[in-house]
Amino acid sequence: IFANNELNLGDIDVYGFDYDYTLAAYRPELHHTIYHLGQETLISDFKYPAEILKYPYDPSWPIRGLHYDVRKGLLLKLDAFHNIQLDTVFRGQRRVTEREVKSLYNGTHVTLDQMNTFYGQGPMHQLIDLFAIPEVSLITNTTEAFITMSERYVNFNLKLTENCIQRIHSSGLLHQKIMDNIDLYLMKCEKTKYLLERLRSSNKKLFLITNSGFNFVDAGMRFMIGEDWREMFDVVITNARKPKFFNETSRPFRELDEVRNTQSWGKVTELQKGRVYQEGNFSRLKDMTGWFGNKVLYFGDHVYSDLADPSLKHGWRTAGIIPELENDVEKMNTVEYQKNVKWLVSLVQQLEESQHQSSLDSAELIEIWLEERDEIRYKLKAMFNPRFGSLFRTHNNPTYFSRRLGRFADIYMSSLINLLHYNVDHTFYPRRSVLPHEPNPF
């Protein structure tokens with residue numbers, strides 16, 4: 001587990017959890033299914049040409065955290081300062097040249113008014129959660145199909161693709177497919193149950209807040225935890241409509257009638273263990289439970305919907321679940337990676353110290369070093385993904401995704417069960433980073 005901010009688990013009285021990609025870990029087959037359902041929906045509901053079916057899902061192609069420029073039809077990667085990483089810009093499957101990128105954006109900077117907000121508005125649409133990975137592939141391959149068919153790719157409508165993916169979720173089609181073959185899509189992990197039991201035995205309160213419906217969550221939790229999974233939670237809230245749940249104050253809680261599978265319209269004045277609630281809002285949750293501030297630790301995979309508002313507005317402590325960490329850490333622990341990073345750092349130091357030299361030989365040597373620096377950068381990038389590199393880093397800077405994760409999550413980890421490696425009173429300490437104006441103590 002990695003710390004952005006000091007966090008003492010001994011101060012935490014209440015543990016909260018999202019469901020999808022937090023309590024529930026999905027197999028790769030799910031992304032294949034989302035992609036194929038997306039293709040079928042584009043054809044049947046939005047009358048896209050059947051030629052898009054010729055483009056299969058390639059899980060190795062994208063990463064999440066990318067931005068799609070709706071106006072220009074480009075997929076690209078941004079760093080923490082809104083700068084475009086030049087070799088990560090694609091129109092369909094075709095890399096866009098540096099010259100064209102600089103021409104389209106008057107350089108490499110994306111201005112603030114072009115960026116989206118936390119809630120997905122604006123021409124720069126960020127593909128932020130794990131469900132977005134098949135969406136990235138669908139956008140890429142559909143754009144490529146339009147280009148190949150000599151149709152105007154600018155007519156490709158991202159909104160239709162978004163609606164298509166949202167329709168798969170909101171219609172219940174995807175959830176039903178998962179429930180019909182749950183062992184194909186959902187990973188069963190006994191350690192998740194053990195973690196929840198350990199927290200309960202340590203007198204911690206547990207709650208679940210998810211945007212998914214109860215029947216879907218119930219099927220998954222029964223598969224992963226067992227028939228009595230609800231006994232572990234003091235409060236269960238489904239159809240929460242995050243991030244609205246954390247921002248609105250008027251939407252009331254409704255109790256679910258499990259027999260009729262409908263919600264009760266009676267006023268909810270308390271949240272009782274063993275019952276299921278829908279919708280609601282943060283203010284009512286706080287009033288009815290007394291849970292607030294830094295006594296609460298909430299786990300989620302979505303940087304905006306799960307982590308931003310609880311952290312910034314309500315003072316909860318937050319934990320990001322980032323499965324990609326496992327692959328990145330594995331790559332960073334290789335001898336090849338460490339050797340190249342050390343040499344890259346040495347080269348940059350040499351460049352910084354030698355740039356005042358004015359001789360012709362020095363200028364030629366600096367040019368050679370610059371070329372070598374670029375070669376190492378591309379080599380390191382390709383170790384993670386040959387097109388987009390790491391989720392967390394551009395060549396030198398943190399990515400836009402990484403900066404937001406650092407801002408909104410006190411700690412982050414690849415899996416919820418990583419918490420089992422630590423005591424319930426463990427303190428996570430962030431590393432002291434050296435600011436540019438500070439001397440390096442090592």
# chains A, B, ... in the order shown; residues from 1 in each chain; ligands from 1
$ select_by_dssp --residues "range 45-99 of chain A" --states "strand (DSSP E)" --output "VMD selection string"
chain A and resid 67 to 69 74 to 76 90 to 91 94 to 95
$ write_last_selection --atoms "C-alpha atoms" --output "PDB file, in the first residue's frame"
ATOM      1  CA  HIS A  67      -8.426  11.844 -22.812  1.00  0.00           C
ATOM      2  CA  TYR A  68     -10.556  11.848 -25.930  1.00  0.00           C
ATOM      3  CA  ASP A  69     -10.832  15.197 -27.675  1.00  0.00           C
ATOM      4  CA  LEU A  74      -8.109  12.372 -31.039  1.00  0.00           C
ATOM      5  CA  LEU A  75      -7.154  10.055 -28.212  1.00  0.00           C
ATOM      6  CA  LEU A  76      -4.226  11.367 -26.167  1.00  0.00           C
ATOM      7  CA  PHE A  90      -3.923   8.704 -32.002  1.00  0.00           C
ATOM      8  CA  ARG A  91      -6.641   9.138 -34.577  1.00  0.00           C
ATOM      9  CA  ARG A  94      -2.915   5.836 -36.385  1.00  0.00           C
ATOM     10  CA  ARG A  95      -0.349   7.828 -34.473  1.00  0.00           C
TER      11      ARG A  95
END
$ residues_around --residues "Gly266 in chain A" --least-positions-apart "2" --cutoff "8 Å" --atoms "only C-alpha atoms" --output "VMD selection string"
chain A and resid 254 to 255 264 268
$ write_last_selection --atoms "all heavy atoms" --output "mmCIF file, in the first residue's frame"
data_model
loop_
_atom_site.group_PDB
_atom_site.id
_atom_site.type_symbol
_atom_site.label_atom_id
_atom_site.label_comp_id
_atom_site.auth_asym_id
_atom_site.auth_seq_id
_atom_site.Cartn_x
_atom_site.Cartn_y
_atom_site.Cartn_z
ATOM 1 N N ARG A 254 -34.585 5.710 0.330
ATOM 2 C CA ARG A 254 -35.767 4.862 0.227
ATOM 3 C C ARG A 254 -35.364 3.434 0.582
ATOM 4 O O ARG A 254 -34.327 2.948 0.122
ATOM 5 C CB ARG A 254 -36.351 4.884 -1.185
ATOM 6 C CG ARG A 254 -36.764 6.253 -1.687
ATOM 7 C CD ARG A 254 -37.886 6.861 -0.881
ATOM 8 N NE ARG A 254 -38.337 8.145 -1.442
ATOM 9 C CZ ARG A 254 -39.192 8.942 -0.856
ATOM 10 N NH1 ARG A 254 -39.707 8.626 0.334
ATOM 11 N NH2 ARG A 254 -39.555 10.085 -1.421
ATOM 12 N N GLU A 255 -36.189 2.774 1.387
ATOM 13 C CA GLU A 255 -35.886 1.394 1.738
ATOM 14 C C GLU A 255 -36.369 0.464 0.633
ATOM 15 O O GLU A 255 -37.450 0.663 0.065
ATOM 16 C CB GLU A 255 -36.540 1.009 3.057
ATOM 17 C CG GLU A 255 -36.151 -0.388 3.525
ATOM 18 C CD GLU A 255 -36.729 -0.740 4.888
ATOM 19 O OE1 GLU A 255 -37.182 0.183 5.603
ATOM 20 O OE2 GLU A 255 -36.725 -1.939 5.236
ATOM 21 N N SER A 264 -39.760 1.402 -1.026
ATOM 22 C CA SER A 264 -40.823 1.960 -0.198
ATOM 23 C C SER A 264 -40.786 3.477 -0.299
ATOM 24 O O SER A 264 -39.724 4.075 -0.436
ATOM 25 C CB SER A 264 -40.629 1.524 1.257
ATOM 26 O OG SER A 264 -41.439 2.285 2.117
ATOM 27 N N VAL A 268 -37.574 7.522 5.588
ATOM 28 C CA VAL A 268 -36.513 6.803 6.297
ATOM 29 C C VAL A 268 -35.907 7.748 7.335
ATOM 30 O O VAL A 268 -35.342 8.787 6.983
ATOM 31 C CB VAL A 268 -35.425 6.302 5.327
ATOM 32 C CG1 VAL A 268 -34.275 5.666 6.097
ATOM 33 C CG2 VAL A 268 -36.011 5.309 4.326
#
$ residues_around --residues "Leu206 in chain A" --least-positions-apart "4" --cutoff "6 Å" --atoms "only C-alpha atoms" --output "count of residues only"
5
$ select_by_dssp --residues "range 58-259 of chain A" --states "alpha helix (DSSP H)" --output "PyMOL selection string"
chain A and resi 98-105+132-148+158-170+173-180+182-185+190-201+214-224
$ write_last_selection --atoms "C-alpha atoms" --output "PDB file, in the first residue's frame"
ATOM      1  CA  GLU A  98       4.238  15.854 -33.620  1.00  0.00           C
ATOM      2  CA  ARG A  99       3.904  18.531 -36.277  1.00  0.00           C
ATOM      3  CA  GLU A 100       0.150  17.987 -36.658  1.00  0.00           C
ATOM      4  CA  VAL A 101      -0.404  17.884 -32.885  1.00  0.00           C
ATOM      5  CA  LYS A 102       1.407  21.196 -32.398  1.00  0.00           C
ATOM      6  CA  SER A 103      -0.566  22.696 -35.256  1.00  0.00           C
ATOM      7  CA  LEU A 104      -3.928  21.531 -33.852  1.00  0.00           C
ATOM      8  CA  TYR A 105      -3.238  22.723 -30.314  1.00  0.00           C
ATOM      9  CA  ALA A 132     -13.493   2.804 -19.730  1.00  0.00           C
ATOM     10  CA  ILE A 133     -10.816   0.461 -21.113  1.00  0.00           C
ATOM     11  CA  PRO A 134     -13.187  -1.350 -23.514  1.00  0.00           C
ATOM     12  CA  GLU A 135     -14.739   2.062 -24.247  1.00  0.00           C
ATOM     13  CA  VAL A 136     -11.309   3.350 -25.349  1.00  0.00           C
ATOM     14  CA  SER A 137     -10.979   0.347 -27.654  1.00  0.00           C
ATOM     15  CA  LEU A 138     -14.474   0.878 -29.043  1.00  0.00           C
ATOM     16  CA  ILE A 139     -13.760   4.546 -29.800  1.00  0.00           C
ATOM     17  CA  THR A 140     -10.391   3.701 -31.372  1.00  0.00           C
ATOM     18  CA  ASN A 141     -11.582   0.826 -33.539  1.00  0.00           C
ATOM     19  CA  THR A 142     -14.803   2.508 -34.642  1.00  0.00           C
ATOM     20  CA  THR A 143     -12.849   5.612 -35.662  1.00  0.00           C
ATOM     21  CA  GLU A 144     -10.385   3.410 -37.538  1.00  0.00           C
ATOM     22  CA  ALA A 145     -13.248   1.655 -39.314  1.00  0.00           C
ATOM     23  CA  PHE A 146     -14.667   4.998 -40.479  1.00  0.00           C
ATOM     24  CA  ILE A 147     -11.256   6.107 -41.760  1.00  0.00           C
ATOM     25  CA  THR A 148     -10.695   2.821 -43.564  1.00  0.00           C
ATOM     26  CA  LEU A 158     -18.307  10.106 -29.093  1.00  0.00           C
ATOM     27  CA  LYS A 159     -21.646  10.887 -27.450  1.00  0.00           C
ATOM     28  CA  LEU A 160     -23.220   7.952 -29.255  1.00  0.00           C
ATOM     29  CA  THR A 161     -20.463   5.669 -28.018  1.00  0.00           C
ATOM     30  CA  GLU A 162     -20.922   7.005 -24.484  1.00  0.00           C
ATOM     31  CA  ASN A 163     -24.671   6.480 -24.751  1.00  0.00           C
ATOM     32  CA  CYS A 164     -24.011   3.015 -26.078  1.00  0.00           C
ATOM     33  CA  ILE A 165     -21.818   2.050 -23.111  1.00  0.00           C
ATOM     34  CA  GLN A 166     -24.210   3.714 -20.652  1.00  0.00           C
ATOM     35  CA  ARG A 167     -27.148   1.898 -22.229  1.00  0.00           C
ATOM     36  CA  ILE A 168     -25.420  -1.449 -21.711  1.00  0.00           C
ATOM     37  CA  HIS A 169     -25.142  -0.617 -18.011  1.00  0.00           C
ATOM     38  CA  SER A 170     -28.456   1.189 -17.408  1.00  0.00           C
ATOM     39  CA  LEU A 173     -28.091  -6.073 -20.012  1.00  0.00           C
ATOM     40  CA  LEU A 174     -24.514  -6.232 -18.749  1.00  0.00           C
ATOM     41  CA  HIS A 175     -25.526  -6.958 -15.164  1.00  0.00           C
ATOM     42  CA  GLN A 176     -27.794  -9.783 -16.296  1.00  0.00           C
ATOM     43  CA  LYS A 177     -25.015 -11.339 -18.370  1.00  0.00           C
ATOM     44  CA  ILE A 178     -22.713 -11.242 -15.350  1.00  0.00           C
ATOM     45  CA  MET A 179     -25.323 -12.765 -13.045  1.00  0.00           C
ATOM     46  CA  ASP A 180     -26.134 -15.507 -15.579  1.00  0.00           C
ATOM     47  CA  ILE A 182     -21.030 -15.128 -12.551  1.00  0.00           C
ATOM     48  CA  ASP A 183     -18.027 -17.431 -12.181  1.00  0.00           C
ATOM     49  CA  LEU A 184     -16.891 -16.461 -15.692  1.00  0.00           C
ATOM     50  CA  TYR A 185     -16.722 -12.764 -14.856  1.00  0.00           C
ATOM     51  CA  GLU A 190     -11.759 -15.848   0.363  1.00  0.00           C
ATOM     52  CA  LYS A 191      -9.381 -13.153   1.605  1.00  0.00           C
ATOM     53  CA  THR A 192     -12.004 -10.457   1.027  1.00  0.00           C
ATOM     54  CA  LYS A 193     -14.336 -12.188   3.471  1.00  0.00           C
ATOM     55  CA  TYR A 194     -11.497 -12.613   5.931  1.00  0.00           C
ATOM     56  CA  LEU A 195     -10.652  -8.899   5.712  1.00  0.00           C
ATOM     57  CA  LEU A 196     -14.237  -7.871   6.452  1.00  0.00           C
ATOM     58  CA  GLU A 197     -14.412 -10.322   9.349  1.00  0.00           C
ATOM     59  CA  ARG A 198     -11.169  -8.974  10.775  1.00  0.00           C
ATOM     60  CA  LEU A 199     -12.468  -5.412  10.645  1.00  0.00           C
ATOM     61  CA  ARG A 200     -15.717  -6.459  12.331  1.00  0.00           C
ATOM     62  CA  SER A 201     -13.834  -8.303  15.066  1.00  0.00           C
ATOM     63  CA  PHE A 214     -29.157  -4.429  -5.104  1.00  0.00           C
ATOM     64  CA  ASN A 215     -29.947  -7.631  -7.029  1.00  0.00           C
ATOM     65  CA  PHE A 216     -26.682  -7.358  -8.930  1.00  0.00           C
ATOM     66  CA  VAL A 217     -24.653  -6.595  -5.808  1.00  0.00           C
ATOM     67  CA  ASP A 218     -26.403  -9.324  -3.832  1.00  0.00           C
ATOM     68  CA  ALA A 219     -25.609 -11.955  -6.470  1.00  0.00           C
ATOM     69  CA  GLY A 220     -21.952 -10.961  -6.527  1.00  0.00           C
ATOM     70  CA  MET A 221     -21.541 -10.750  -2.768  1.00  0.00           C
ATOM     71  CA  ARG A 222     -23.241 -14.126  -2.249  1.00  0.00           C
ATOM     72  CA  PHE A 223     -20.797 -15.616  -4.757  1.00  0.00           C
ATOM     73  CA  MET A 224     -17.731 -13.970  -3.191  1.00  0.00           C
TER      74      MET A 224
END
$ residues_around --residues "Glu326 in chain A" --least-positions-apart "2" --cutoff "12 Å" --atoms "only C-alpha atoms" --output "list in words"
Ile1, Ile321, Ile322, Pro323, Glu324, Asp328, Val329, Glu330, Lys331, Met332, Asn333, Phe384, Ser390, Leu391, Tyr412, Met413, Ser414, Ser415 and Asn418 of chain A
$ closest_residue --among "A:Lys77, A:Lys379, A:Arg284, A:Lys47" --to "Ser402 in chain A" --atoms "only C-alpha atoms"
A:Lys77
$ residues_around --residues "Pro123 in chain A" --least-positions-apart "2" --cutoff "7 Å" --atoms "only C-alpha atoms" --output "ChimeraX atom specification"
/A:69-71,114-116,125
$ residues_around --residues "Gln39 in chain A" --least-positions-apart "4" --cutoff "9 Å" --atoms "only C-alpha atoms" --output "list in words"
Ile34, Tyr35, Ile43, Ser44, Tyr48, Ala50, Ile52, Leu53, Leu138, Thr142 and Cys164 of chain A
$ closest_residue --among "A:Thr318, A:Thr111, A:Asn440, A:Ser202" --to "Arg407 in chain A" --atoms "only C-alpha atoms"
A:Thr318
$ residues_around --residues "range 419-427 of chain A" --least-positions-apart "6" --cutoff "7 Å" --atoms "only C-alpha atoms" --output "PyMOL selection string"
chain A and resi 7-10+195
$ closest_residue --among "A:Ala24, A:Met149, A:Cys189, A:Ile128" --to "Lys54 in chain A" --atoms "only C-alpha atoms"
A:Met149
$ closest_residue --among "A:Asp306, A:Glu258, A:Asp18, A:Glu231" --to "Leu405 in chain A" --atoms "only C-alpha atoms"
A:Asp306
$ closest_residue --among "A:Pro310, A:Gly172, A:Pro59, A:Gly65" --to "Leu297 in chain A" --atoms "only C-alpha atoms"
A:Pro310
$ closest_residue --among "A:Gly406, A:Gly320, A:Pro430, A:Pro386" --to "Thr88 in chain A" --atoms "only C-alpha atoms"
A:Pro386
$ atom_distance --atom1 "CA of Trp369 in chain A" --atom2 "CA of Leu347 in chain A"
6.7 Å
